[in-house]
Amino acid sequence: MVSKKIGIILALLMVISLVLSACGPTATPAPAEPPPAAEPTQAPAQTEPTKAPEPTEEEMEITDTELNLLCTPQEQWCQGMKQEFEALYGITVNYVRMSSGEALARVLAEKDNPTFDIWWGGPIDSFVAAKGEGVLEQYDSPNYANIRDPEKMADVDHYWAGIYVGTLGFATNKDWLAANPGTAAPTSWDDLLKPEFKGQLMVAHPSTSGTSYTAIATVLQMRGEEAGWEYIKQYAAQMAQFTKSGAAPAKFVGQGEAAVAIVFSHDIVNEIENNKLPLELTFPEEGTGYEIGGQAILKGAKNMQAAKLWFDWALTPEAQSLGPVYAAYQAPTVNGVELSHPELMEVNLIDYDFIWAGEHKKEFVEKFTNEIATADNLKE
Amino acid sequence: MAITHEKPKRQFLSGAITRIREFTMISRDPVLFLSLMISGMIIFIFVILPIYKTVSGGFFTPEGQWDLSYFARYFDDYYGPGLRLAFMDTMKMGVLTATFGSLVGFIFAYAIVRCNMPGKNIVHWLALVPTVSPPFALALSMILLFGRSGLITKKVLGITYVQGANDIYGMDGLVIVQTITFFSVAYLIIRAMLERLNPSMEEAAASLGAGRWHIFRTVTLPLLIPGLAGSFLLLFVESLADLGNPLFIAGNTTVLSSQIFLAVIGEYDYQKASAISFVLIIPTLVLYMLQRYYVNRRSYISVTGKPASAQIIEKDPIIRWSAIIISYLICAFVILLYATIVYGSFSFSWGVDFTPSLRHWEHTITRGVEAILDTTFLSALATPFAALLGMIIAWLVVRKKFSGKEVLDFSSNLGGAVPGTILGIGFIMAFNTPQLSLAIVIYALLALFFAQAVGKNALERITILILGTGAGVLVSKLETATLYYLVGGIYILIGLLQAVQKKRFATVAAVSLVGLYLMSTNWATQLAKPISDFSRTLERGFWSNAIVQFSDHLKTLLQPPPSLMAIGMMVVGVVILANIQKRSLRIPLGIAGLLVPCALFFTGVPFALVGGAYIIMAAYIVRSLPASVRAGVATLQQIDPSIEEASNSLGADAQYTFRKVTLPLITPALLAGLIFSFTRHMTSLSAIIFLVSAKWRIVTASILSEWEQGGVSIAAAYSTVIILFVLIAIGVLSLITNRMFRGRGGVDISQGF
């Protein structure tokens with residue numbers, strides 16, 4: 001009798017645990033309407049989907065059913081691109097979002113046993129580093145021809161390709177400016193060192209964030225290493241906090257946690273337009289750095305065919321014009337896409353050396369972590 | 001001289017002989033044998049090995065050269081100051097959190113036990129709420145309330161942040177959050193102590209004319225010292241291990257756990273991470289052992305056994321009401337913090353526009369449904385294993401005598417005691433590209449056990465061992481699909497053979513089902529395909545994201561990693577084949593039975609688990625094991641062993657006694673174990689943060705990512721979902737328990753935390 005009872009209990013428990021996992025979503029408040037999948041219909045990719053795949057691939061049968069995506073831009077764009085790609089090719093995309101430093105660490109750790117097929121987004125210096133470690137797959141996509149400036153935006157050996165361009169800007173909280181008369185939004189790198197911004201700057205930590213590393217590398221390229229590090233020391237001393245993700249400071253500054261954020265301008269536009277945060281966007285007049293976001297297939301990818309489809313697709317004007325639909329205002333790398341925010345590109349850009357920045361990344365990040373971020377002046 | 005040398009040698013020899021004799025004795029008791037084998041194996045693979053990998057990793061360069069440079073950095077002038085500062089800050093955080101946490105816990109316990117507090121039960125449950133929420137939920141709501149743009153700081157009090165002002169970020173905010181997060185542990189420990197305190201001592205002191213304060217100082221407090229010390233040390237350990245709160249709220253203060261995290265995700269420097277882990281694990285282990293072996297031993301002195309019949313009630317109204325009011329205030333604070341999380345998930349843009357809006361929930365539900373379903377599925381699937389394993393270990397520890405028992409007990413607790421980051425790094429290091437030697441050693445041990453159990457004499461055992469392994473290694477070279485059909489076929493054949501022998505139908509069916517299950521690995525993809533195909537026909541969004549997960553879940557159920565399946569098949573083999581009487585059948589069946597796990601063991605790369613679902617479940621189980629072991633131990637210690645002895649003396653064997661007597665008695669504890677395990681699984685962050693993959697996203701890791709990316713509101717929405725699910729699970733399980741054990745009293749949920 002007793003053992004039967006226990007049998008029943010255990011069986012019940014199993015059922016419950018199954019039911020629990022099955023009923024999961026119904027327990028959460030009102031499952032939302034299907035996401036704004038209707039909106040993308042305005043995008044060209046939906047109106048003429050036949051243009052996206054190359055003719056040779058159309059003949060080829062698609063056998064992969066899944067794609068494991070390592071996604072570095074913001075969640076909303078990752079999720080949107082996932083859905084667009086799924087709708088186009090009928091391949092299920094699994095993705096996880098990581099900051100670019102985190103993504104690089106993961107890709108290197110999984111060198112012998114890769115769980116991702118493609119890595120999409122994040123500044124290309126991570127891709128330069130990954131190529132150096134031999135974890136990327138060489139792929140001659142036919143769509144390299146679409147790229148505007150192949151010299152800068154694509155790897156000479158075709159290990160990676162650029163998919164977006166973003167410029168570095170400053171976001172200043174308007175309410176803070178109003179509350180502190182006599183202050184103005186910074187318009188040069190030296191403005192950031194003004195005494196009124198002490199403890200009021202926010203930027204991500206360069207070890208986890210490509211954004212923040214771009215800022216450091218920009219300064220080092222503009223001023224030379226010696227003067228550059230001297231500047232960075234003072235710059236770091238102005239910080240309220242280092243965040244993990246590059247775009248976060250814009251949000252925090254918009255909420256009033258600090259006065260000025262050093263962030264990519266497209267992230268600032270997102271906060272202003274979609275989250276209605278009171279931010280003012282400015283650029284350093286003497287020149288600012290920019291990022292090229294890259295993508296690459298990982299060596300040993302288990303869904304190679306799907307990965308190549310994604311790689312080709314991401315280099316089409318159709319795919320690149322989807323960004324603004326999902327609140328991503330980066331400029332495209334391919335021809336034939338209208339800019340959603342041309343003003344972001346009409347600024348004084350320095351001749352950013354991506355290869356140099358990529359090669360020195362480990363050294364500079366280590367120097368920053370050990371000499372600057374743990375310096376005593378940050379602790380108080 | 002010769003004699004003095006001889007003595008220890010002889011002792012050692014006789015010791016070894018005793019061990020061997022003991023081993024033979026154990027191997028005659030199949031239940032003990034099997035439970036020891038499973039629990040020992042799991043603990044070795046998933047607790048000892050990963051911790052060893054992490055700790056030793058700090059001493060070697062990635063190329064395997066002996067290298068102490070990361071430790072030397074603590075003493076030089078370049079890196080030293082920063083590293084030492086982080087170490088000192090960590091210790092400061094531990095001391096402060098432990099002190100304040102124990103103090104708050106003491107006040108709660110005193111108010112509830114001695115002050116006749118109105119609303120005792122509600123306060124008790126509120127004090128336990130922080131244990132069922134994600135570890136960083138409170139940091140999140142502290143920032144929402146008291147951050148520079150917090151609801152209270154900015155909206156209510158109208159404070160604007162000025163440069164240099166002290167804000168919530170930093171050591172002070174961190175300590176407040178940790179105090180609220182961990183004080184429940186202190187409360188439970190001190191409350192138990194206070195309830196068992198024999199009032200006669202205080203009464204004696206009072207009747208001898210001592211004043212209240214004098215009694216408290218010279219009688220009550222000394223009696224409570226072990227409890228206070230125990231809670232202090234445990235809180236210290238928990239505080240050092242915490243990763244979520246420091247990441248959220250520590251500002252520019254660096255502590256060791258976040259340093260380890262950054263070394264891995266920011267710098268991809270496993271040696272550095274391991275070296276810091278070593279620095280962190282030493283104080284953790286010292287404190288933990290101190291708590292376990294010193295304080296716990298001492299505490300037995302003051303425990304008289306049963307709770308004292310009457311409690312002393314605090315008469316002094318000032319003391320009584322101040323304790324009660326402080327407890328109420330903290331409860332109100334806890335409620336406020338959790339309400340803020342829910343409110344935060346609904347506000348349009350926190351800090352700027354507090355109007356309610358559903359937009360964050362839309363995002364959370366569409367893009368978070370995968371993570372939510374995966375987390376719930378993996379947590380639920382790991383739960384029965386964790387609870388069962390915890391019960392088995394508790395049973396071994398309380399009821400059985402064998403050498404190495406103390407080691408088993410200690411190491412089963414180790415997985416929960418060491419900081420989760422250390423375990424997570426160890427998992428990556430041990431199971432990314434594992435060496436074949438690991439699989440060989442584990443196989444050899446298991447195969448010896450198997451041969452010992454199945455064969456009846458040395459010759460038979462050696463035959464089974466050699467032929468079974470040989471055949472298994474050959475089979476493992478086959479193509480995967482053929483291999484699974486073959487091993488599944490073997491089990492179906494064994495089932496048929498048993499049918500011919502007129503065994504019970506249930507046995508035959510069970511064996512054949514095992515065979516089918518093995519074969520189904522080949523069909524999993526086909527079985528799951530209709531589900532995923534269906535999901536692709538739907539409009540992209542919530543439902544397509546949700547349904548495709550179920551196909552993954554089905555595949556996961558049917559396709560465990562072969563090396564883990566092999567361990568399971570070894571156990572199944574022993575259970576089925578242990579008592580074959582016919583000699584002509586024993587050897588061939590033994591060989592076939594060993595062939596199956598052997599083939600599974602050596603196909604592909606054994607134990608290459610990184611990126612899959614099972615490694616996350618393993619991490620979950622390891623983290624929740626101590627709680628279910630404690631629940632089991634507590635229950636078993638209350639059951640008089642004479643009941644089991646009676647069953648034995650009436651002729652029942654160990655297995656029958658366990659099934660018919662012990663199991664029914666410990667079922668409440670088993671259910672309690674289920675509750676703790678599920679809660680721990682759903683809320684764990686530090687151990688699994690390095691293990692998430694594109695296929696298996698975990699909500700707690702998503703919270704961390706969304707927190708900075710999508711904003712606090714989405715992080716708050718995810719936290720709300722987790723808390724809700726955990727509360728539902730607790731509610732359902734408690735309901736079942738209460739229904740079933742109405743007469744015998746329900747589960748005391750607090751005993752396992």
# chains A, B, ... in the order shown; residues from 1 in each chain; ligands from 1

$ interface_residues --of "chain B" --to "chain A" --cutoff "7 Å" --atoms "only C-alpha atoms" --output "MDAnalysis selection string"
chainID B and resid 79 82 148:149 163:164 251:253 265:268 349 351:352 362 365:367 373 376:377 380 432:433 536 540:542 611 660 664 693:695 697 708:709 721

$ residues_around --residues "range 152-155 of chain B" --least-positions-apart "5" --cutoff "12 Å" --atoms "only C-alpha atoms" --output "PyMOL selection string"
(chain A and resi 255-257) or (chain B and resi 141-147+160-161+167-168+336-337+340+350-354)

$ residues_around --residues "Trp125 in chain B" --least-positions-apart "4" --cutoff "10 Å" --atoms "only C-alpha atoms" --output "list in words"
Lys120, Asn121, Val129, Pro130, Ser184, Cys331 and Ser750 of chain B

$ write_last_selection --atoms "N, CA and C atoms" --output "compact mmCIF listing (two decimals), in the first residue's frame"
# COMPACT_ATOMS: atom_id res chain seq x y z
N LYS B 120 2.97 36.90 14.01
CA LYS B 120 4.19 36.11 13.97
C LYS B 120 4.39 35.36 12.65
N ASN B 121 3.30 34.69 12.20
CA ASN B 121 3.45 33.83 11.02
C ASN B 121 3.80 34.63 9.78
N VAL B 129 11.23 35.36 2.49
CA VAL B 129 11.07 35.73 1.07
C VAL B 129 12.39 35.96 0.34
N PRO B 130 13.37 36.65 0.97
CA PRO B 130 14.61 36.87 0.21
C PRO B 130 15.29 35.58 -0.26
N SER B 184 17.91 36.05 6.41
CA SER B 184 17.01 34.92 6.66
C SER B 184 17.75 33.73 7.25
N CYS B 331 10.41 44.23 7.78
CA CYS B 331 9.42 43.56 6.93
C CYS B 331 8.82 44.53 5.93
N SER B 750 11.41 25.66 6.17
CA SER B 750 12.57 26.44 6.60
C SER B 750 13.79 25.58 6.91

$ residues_around --residues "range 414-427 of chain B" --least-positions-apart "5" --cutoff "9 Å" --atoms "only C-alpha atoms" --output "number ranges by chain"
B: 43, 46-55, 57, 237-238, 240-243, 257-258, 260-261, 264, 270, 273-274, 277-278, 280-281, 284-285, 288, 409, 432, 609-610, 615, 619, 621-627, 684-691

$ write_last_selection --atoms "C-alpha atoms" --output "PDB file, in the first residue's frame"
ATOM      1  CA  ILE B  43      30.283  14.166  -6.470  1.00  0.00           C
ATOM      2  CA  PHE B  46      30.816  17.439 -10.732  1.00  0.00           C
ATOM      3  CA  VAL B  47      32.132  18.799  -7.438  1.00  0.00           C
ATOM      4  CA  ILE B  48      35.685  17.707  -6.732  1.00  0.00           C
ATOM      5  CA  LEU B  49      36.993  17.719 -10.288  1.00  0.00           C
ATOM      6  CA  PRO B  50      35.775  21.200 -11.293  1.00  0.00           C
ATOM      7  CA  ILE B  51      36.933  22.772  -8.054  1.00  0.00           C
ATOM      8  CA  TYR B  52      40.298  21.099  -8.396  1.00  0.00           C
ATOM      9  CA  LYS B  53      40.566  22.334 -12.002  1.00  0.00           C
ATOM     10  CA  THR B  54      39.843  25.922 -11.033  1.00  0.00           C
ATOM     11  CA  VAL B  55      42.079  25.991  -8.012  1.00  0.00           C
ATOM     12  CA  GLY B  57      44.578  26.423 -12.866  1.00  0.00           C
ATOM     13  CA  VAL B 237      30.726  32.676   3.355  1.00  0.00           C
ATOM     14  CA  GLU B 238      27.531  33.592   1.495  1.00  0.00           C
ATOM     15  CA  LEU B 240      31.997  36.307  -0.273  1.00  0.00           C
ATOM     16  CA  ALA B 241      30.317  33.993  -2.766  1.00  0.00           C
ATOM     17  CA  ASP B 242      27.769  36.536  -3.941  1.00  0.00           C
ATOM     18  CA  LEU B 243      28.252  37.702  -7.513  1.00  0.00           C
ATOM     19  CA  SER B 257      33.924  37.480  -7.037  1.00  0.00           C
ATOM     20  CA  SER B 258      33.399  40.249  -9.571  1.00  0.00           C
ATOM     21  CA  ILE B 260      36.978  36.642 -11.214  1.00  0.00           C
ATOM     22  CA  PHE B 261      33.973  37.296 -13.401  1.00  0.00           C
ATOM     23  CA  VAL B 264      36.934  35.521 -17.545  1.00  0.00           C
ATOM     24  CA  TYR B 270      41.570  31.746 -17.047  1.00  0.00           C
ATOM     25  CA  ALA B 273      40.612  33.988 -12.791  1.00  0.00           C
ATOM     26  CA  SER B 274      41.862  30.762 -11.229  1.00  0.00           C
ATOM     27  CA  SER B 277      39.609  32.016  -7.185  1.00  0.00           C
ATOM     28  CA  PHE B 278      42.340  30.418  -5.106  1.00  0.00           C
ATOM     29  CA  LEU B 280      38.882  33.621  -2.568  1.00  0.00           C
ATOM     30  CA  ILE B 281      38.420  29.936  -1.823  1.00  0.00           C
ATOM     31  CA  THR B 284      35.737  30.644   2.280  1.00  0.00           C
ATOM     32  CA  LEU B 285      36.846  27.131   3.151  1.00  0.00           C
ATOM     33  CA  TYR B 288      33.142  27.101   6.364  1.00  0.00           C
ATOM     34  CA  ASP B 409      29.251  14.433   3.695  1.00  0.00           C
ATOM     35  CA  ASN B 432      35.162  21.792 -22.601  1.00  0.00           C
ATOM     36  CA  LEU B 609      29.409  18.827 -22.019  1.00  0.00           C
ATOM     37  CA  VAL B 610      29.977  22.555 -22.500  1.00  0.00           C
ATOM     38  CA  ILE B 615      26.025  20.833 -17.879  1.00  0.00           C
ATOM     39  CA  ALA B 619      25.594  22.907 -12.065  1.00  0.00           C
ATOM     40  CA  ILE B 621      22.216  19.964  -8.890  1.00  0.00           C
ATOM     41  CA  VAL B 622      25.603  20.631  -7.375  1.00  0.00           C
ATOM     42  CA  ARG B 623      24.436  23.995  -6.076  1.00  0.00           C
ATOM     43  CA  SER B 624      21.198  22.734  -4.550  1.00  0.00           C
ATOM     44  CA  LEU B 625      22.545  19.471  -3.160  1.00  0.00           C
ATOM     45  CA  PRO B 626      23.539  20.789   0.288  1.00  0.00           C
ATOM     46  CA  ALA B 627      20.016  22.048   0.940  1.00  0.00           C
ATOM     47  CA  SER B 684      21.114  30.631  -9.324  1.00  0.00           C
ATOM     48  CA  LEU B 685      23.339  32.933 -11.301  1.00  0.00           C
ATOM     49  CA  SER B 686      27.023  32.680 -10.478  1.00  0.00           C
ATOM     50  CA  ALA B 687      27.497  28.999 -11.311  1.00  0.00           C
ATOM     51  CA  ILE B 688      25.715  29.052 -14.655  1.00  0.00           C
ATOM     52  CA  ILE B 689      26.692  32.451 -16.012  1.00  0.00           C
ATOM     53  CA  PHE B 690      29.562  30.984 -18.025  1.00  0.00           C
ATOM     54  CA  LEU B 691      27.499  28.000 -19.196  1.00  0.00           C
TER      55      LEU B 691
END

$ atom_distance --atom1 "CA of Glu271 in chain A" --atom2 "CA of Phe364 in chain A"
29.7 Å

$ select_by_dssp --residues "range 529-637 of chain B" --states "helix (DSSP H, G or I)" --output "MDAnalysis selection string"
chainID B and resid 529:537 542:558 562:577 583:601 613:637

$ write_last_selection --atoms "C-alpha atoms" --output "compact mmCIF listing (two decimals), in the first residue's frame"
# COMPACT_ATOMS: atom_id res chain seq x y z
CA LYS B 529 10.99 17.86 -36.09
CA PRO B 530 7.20 18.18 -36.44
CA ILE B 531 7.17 20.50 -33.44
CA SER B 532 9.93 22.72 -34.72
CA ASP B 533 8.50 22.64 -38.26
CA PHE B 534 5.16 23.68 -36.85
CA SER B 535 6.79 26.55 -35.00
CA ARG B 536 8.32 27.75 -38.26
CA THR B 537 4.92 27.89 -39.94
CA PHE B 542 5.91 34.70 -28.97
CA TRP B 543 4.35 31.42 -30.08
CA SER B 544 6.97 30.46 -32.61
CA ASN B 545 9.69 31.22 -30.07
CA ALA B 546 7.89 29.24 -27.40
CA ILE B 547 6.96 26.18 -29.41
CA VAL B 548 10.36 25.63 -30.91
CA GLN B 549 11.65 25.30 -27.34
CA PHE B 550 9.51 22.25 -26.76
CA SER B 551 11.21 20.44 -29.61
CA ASP B 552 14.53 21.24 -27.94
CA HIS B 553 13.21 19.99 -24.64
CA LEU B 554 12.08 16.73 -26.21
CA LYS B 555 15.46 16.25 -27.84
CA THR B 556 17.16 16.94 -24.55
CA LEU B 557 15.07 14.32 -22.79
CA LEU B 558 15.90 11.69 -25.39
CA PRO B 562 26.49 9.50 -23.99
CA SER B 563 28.94 9.61 -21.12
CA LEU B 564 26.19 10.50 -18.64
CA MET B 565 23.91 7.90 -20.19
CA ALA B 566 26.72 5.38 -19.72
CA ILE B 567 26.84 6.02 -15.99
CA GLY B 568 23.09 5.50 -15.85
CA MET B 569 23.31 2.31 -17.90
CA MET B 570 25.98 0.95 -15.58
CA VAL B 571 23.55 1.37 -12.70
CA VAL B 572 20.67 -0.12 -14.67
CA GLY B 573 22.93 -3.03 -15.61
CA VAL B 574 23.82 -3.74 -11.99
CA VAL B 575 20.17 -3.59 -10.94
CA ILE B 576 18.99 -5.95 -13.68
CA LEU B 577 21.87 -8.40 -13.76
CA ARG B 583 25.92 -19.72 -14.69
CA SER B 584 25.55 -20.21 -18.45
CA LEU B 585 23.59 -16.97 -18.70
CA ARG B 586 25.60 -14.97 -16.21
CA ILE B 587 28.74 -14.51 -18.29
CA PRO B 588 27.20 -13.63 -21.67
CA LEU B 589 24.68 -11.30 -20.06
CA GLY B 590 27.40 -9.73 -17.95
CA ILE B 591 29.49 -9.10 -21.05
CA ALA B 592 26.51 -7.64 -22.92
CA GLY B 593 25.61 -5.53 -19.90
CA LEU B 594 29.09 -4.08 -19.69
CA LEU B 595 29.34 -3.60 -23.43
CA VAL B 596 26.52 -1.06 -23.45
CA PRO B 597 27.97 1.51 -21.03
CA CYS B 598 31.47 0.94 -22.35
CA ALA B 599 30.40 1.71 -25.92
CA LEU B 600 28.51 4.79 -24.79
CA PHE B 601 31.42 5.96 -22.70
CA ALA B 613 21.69 21.46 -21.40
CA TYR B 614 23.09 18.81 -19.10
CA ILE B 615 26.02 20.83 -17.88
CA ILE B 616 23.60 23.51 -16.69
CA MET B 617 21.54 20.88 -14.92
CA ALA B 618 24.69 19.46 -13.35
CA ALA B 619 25.59 22.91 -12.06
CA TYR B 620 22.09 23.30 -10.68
CA ILE B 621 22.22 19.96 -8.89
CA VAL B 622 25.60 20.63 -7.38
CA ARG B 623 24.44 23.99 -6.08
CA SER B 624 21.20 22.73 -4.55
CA LEU B 625 22.54 19.47 -3.16
CA PRO B 626 23.54 20.79 0.29
CA ALA B 627 20.02 22.05 0.94
CA SER B 628 18.38 18.73 0.15
CA VAL B 629 21.04 16.79 2.05
CA ARG B 630 20.42 18.96 5.10
CA ALA B 631 16.67 18.45 4.82
CA GLY B 632 17.21 14.69 4.60
CA VAL B 633 19.64 14.56 7.48
CA ALA B 634 17.33 16.59 9.69
CA THR B 635 14.44 14.24 8.99
CA LEU B 636 16.38 11.01 9.27
CA GLN B 637 17.90 11.99 12.58

$ atom_distance --atom1 "CA of Leu34 in chain B" --atom2 "CA of Phe505 in chain B"
24.0 Å

$ closest_residue --among "A:Tyr164, A:Trp310, A:Trp356, A:Phe170" --to "Ala296 in chain A" --atoms "only C-alpha atoms"
A:Trp310

$ residues_around --residues "Glu202 in chain B" --least-positions-apart "5" --cutoff "9 Å" --atoms "only C-alpha atoms" --output "list in words"
Ser207, Ile215, Phe216, Val219, Thr220 and Ile312 of chain B

$ write_last_selection --atoms "N, CA and C atoms" --output "PDB file, in the first residue's frame"
ATOM      1  N   SER B 207      15.790  33.866  39.807  1.00  0.00           N
ATOM      2  CA  SER B 207      15.374  33.616  41.186  1.00  0.00           C
ATOM      3  C   SER B 207      16.523  33.863  42.157  1.00  0.00           C
ATOM      4  N   ILE B 215      21.295  38.952  33.406  1.00  0.00           N
ATOM      5  CA  ILE B 215      20.980  37.601  32.921  1.00  0.00           C
ATOM      6  C   ILE B 215      21.278  37.496  31.436  1.00  0.00           C
ATOM      7  N   PHE B 216      20.843  38.511  30.705  1.00  0.00           N
ATOM      8  CA  PHE B 216      21.057  38.476  29.269  1.00  0.00           C
ATOM      9  C   PHE B 216      22.546  38.377  28.958  1.00  0.00           C
ATOM     10  N   VAL B 219      24.011  34.876  30.955  1.00  0.00           N
ATOM     11  CA  VAL B 219      23.404  33.560  30.732  1.00  0.00           C
ATOM     12  C   VAL B 219      22.928  33.389  29.296  1.00  0.00           C
ATOM     13  N   THR B 220      21.994  34.254  28.871  1.00  0.00           N
ATOM     14  CA  THR B 220      21.376  34.071  27.560  1.00  0.00           C
ATOM     15  C   THR B 220      22.402  34.166  26.438  1.00  0.00           C
ATOM     16  N   ILE B 312      10.332  31.716  27.749  1.00  0.00           N
ATOM     17  CA  ILE B 312      10.290  32.933  28.549  1.00  0.00           C
ATOM     18  C   ILE B 312       9.764  34.045  27.656  1.00  0.00           C
TER      19      ILE B 312
END
